[in-house]
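Since the structure comes first, as structure tokens, the remarks are kept for the end.
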Amino acid sequence: RLSGSLPCKMAAAKTDGDDEALYQPTFVDVEGAKWEKFGYILIACSTFIMIMQALGLGPSWVWVKADDATTVLFTFELFVRIFEKGYLFFTENEKNWNFFDSLVVAISLFSMVAAAKAAQDATAADGHGSASNNAAMNKMKVLRTLRLLRLLRLFRVLKGIDKVNQFVDLGLNTVGVAFIALIVLAGIVCLLSTTAVAIWAAASAWLRTHSLPSLPQIE
């Protein structure tokens with residue numbers, strides 16, 4: 001068993017070494033210990049802010065601003081990694097984790113922008129009836145769900161555990177398969193819609209110069 005597993009470990013180590021040899025820092029070493037600690041500090045701060053928001057401690061606007069600041073910093077951290085690694089960001093062994101981080105950052109940015117828009121709508125809805133208020137409340141419920149998804153950042157702290165890596169790989173593979181299935185489904189719907197429109201247009205053009213035969217009369 002040892003002789004069988006040793007070549008696999010050596011191959012994995014060789015692949016990691018090849019990725020490290022290909023990566024050459026331009027401005028910041030995103031694979032260094034300092035950059036890794038910076039990411040962990042951001043995750044810790046974001047988790048603390050979400051806990052304080054859930055408990056309702058302190059002024060809510062302070063935690064909202066702090067949460068927006070951490071979202072901007074997470075976006076900055078992701079863009080720096082993409083700039084530094086280039087194509088390696090999409091091809092290295094940790095490409096699934098890179099995609100996972102990109103997904104969480106996208107969710108955070110969307111929730112931040114949607115929260116600002118919902119706040120504006122809620123302000124504009126004051127005094128305009130209960131229907132507008134209900135719509136604003138529904139938007140806030142959706143935003144709370146999106147904010148909970150940001151807890152997925154905690155998985156990044158546990159990425160050295162095999163079970164967590166397998167869970168992330170399985171989840172991303174499922175998302176990829178679902179995305180491909182949606183594209184195929186959308187393509188089929190577009191094809192059927194185009195065919196139906198073409199048939200309808202051809203039938204309409206034919207009826208402009210022709211008439212349908214009348215049904216025989218039964219005496």
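FYI, nothing fancy with the structure tokens labels: chains A, B, ... in order, residues from 1 per chain, ligands from 1 as they appear.
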Query raised in the report: What's the 8 Å shell around region 24-37 of chain A, counting only C-alpha atoms, without same-chain residues fewer than 4 positions away, as a PyMOL selection string?
Result: chain A and resi 20+41+80-81+84-85
Query - Near-Ser46 (chain A) list (12 Å; only C-alpha atoms; drop same-chain fewer than 3 positions) as an MDAnalysis selection string - result: chainID A and resid 39:43 49:53 63:74 108 147:148 150:154
Filtering to C-alpha atoms, could you give me those residues as a PDB file, in the first residue's frame?
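Written output follows (again.pdb):
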```
ATOM      1  CA  GLY A  39      -7.019  36.687   3.677  1.00  0.00           C
ATOM      2  CA  TYR A  40      -7.622  34.978   7.023  1.00  0.00           C
ATOM      3  CA  ILE A  41      -7.889  38.354   8.770  1.00  0.00           C
ATOM      4  CA  LEU A  42     -10.515  39.457   6.234  1.00  0.00           C
ATOM      5  CA  ILE A  43     -12.501  36.267   6.824  1.00  0.00           C
ATOM      6  CA  ILE A  49     -19.338  41.666  11.536  1.00  0.00           C
ATOM      7  CA  MET A  50     -21.993  39.145  10.514  1.00  0.00           C
ATOM      8  CA  ILE A  51     -22.256  37.883  14.099  1.00  0.00           C
ATOM      9  CA  MET A  52     -22.695  41.422  15.437  1.00  0.00           C
ATOM     10  CA  GLN A  53     -25.349  42.111  12.794  1.00  0.00           C
ATOM     11  CA  TRP A  63     -21.871  47.151  10.663  1.00  0.00           C
ATOM     12  CA  VAL A  64     -23.389  47.776   7.231  1.00  0.00           C
ATOM     13  CA  LYS A  65     -20.539  50.143   6.337  1.00  0.00           C
ATOM     14  CA  ALA A  66     -17.971  47.735   7.802  1.00  0.00           C
ATOM     15  CA  ASP A  67     -19.497  44.859   5.832  1.00  0.00           C
ATOM     16  CA  ASP A  68     -19.311  46.882   2.614  1.00  0.00           C
ATOM     17  CA  ALA A  69     -15.667  47.689   3.385  1.00  0.00           C
ATOM     18  CA  THR A  70     -14.792  43.998   3.816  1.00  0.00           C
ATOM     19  CA  THR A  71     -16.589  43.192   0.556  1.00  0.00           C
ATOM     20  CA  VAL A  72     -14.464  45.792  -1.249  1.00  0.00           C
ATOM     21  CA  LEU A  73     -11.313  44.359   0.358  1.00  0.00           C
ATOM     22  CA  PHE A  74     -12.285  40.806  -0.641  1.00  0.00           C
ATOM     23  CA  SER A 108     -21.114  39.583  -1.817  1.00  0.00           C
ATOM     24  CA  ARG A 147     -25.835  37.418   3.117  1.00  0.00           C
ATOM     25  CA  LEU A 148     -25.964  33.954   4.701  1.00  0.00           C
ATOM     26  CA  ARG A 150     -21.208  34.674   2.479  1.00  0.00           C
ATOM     27  CA  LEU A 151     -20.527  32.301   5.361  1.00  0.00           C
ATOM     28  CA  LEU A 152     -19.086  30.035   2.668  1.00  0.00           C
ATOM     29  CA  ARG A 153     -15.908  32.088   3.117  1.00  0.00           C
ATOM     30  CA  LEU A 154     -15.240  30.033   6.242  1.00  0.00           C
TER      31      LEU A 154
END
```
**Report entry** Between CA of Ser102 (chain A) and CA of Thr75 (chain A), distance in Å (one decimal)
**Finding:**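 Distance between the two atoms: 8.6 Å.
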Requested in this report: Would you mind reading off the distance between CA of Thr123 (chain A) and CA of Val105 (chain A), one decimal, in Å?
Outcome: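 These atoms are spaced 27.1 Å apart.
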Requested in this report: Mind giving me the straight-line distance from CA of Asn96 (chain A) to CA of Ile82 (chain A) in Å, one decimal?
Outcome: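 Result for CA of Asn96 (chain A) versus CA of Ile82 (chain A): 13.6 Å, one decimal.
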Query - Which of A:Ala124, A:Leu192, A:Leu149, A:Cys45 sits closest to Ser111 (chain A) [using only C-alpha atoms] - result: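 Of all the options, A:Leu149 lies closest to Ser111 (chain A).
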Report task. Please identify all polymer residues within 12 Å of Lys95 (chain A), counting only C-alpha atoms, omitting same-chain residues fewer than 5 positions from it, and present them as a PyMOL selection string. Result -> chain A and resi 19+81-82+85-90+100-102+165+168-169+172
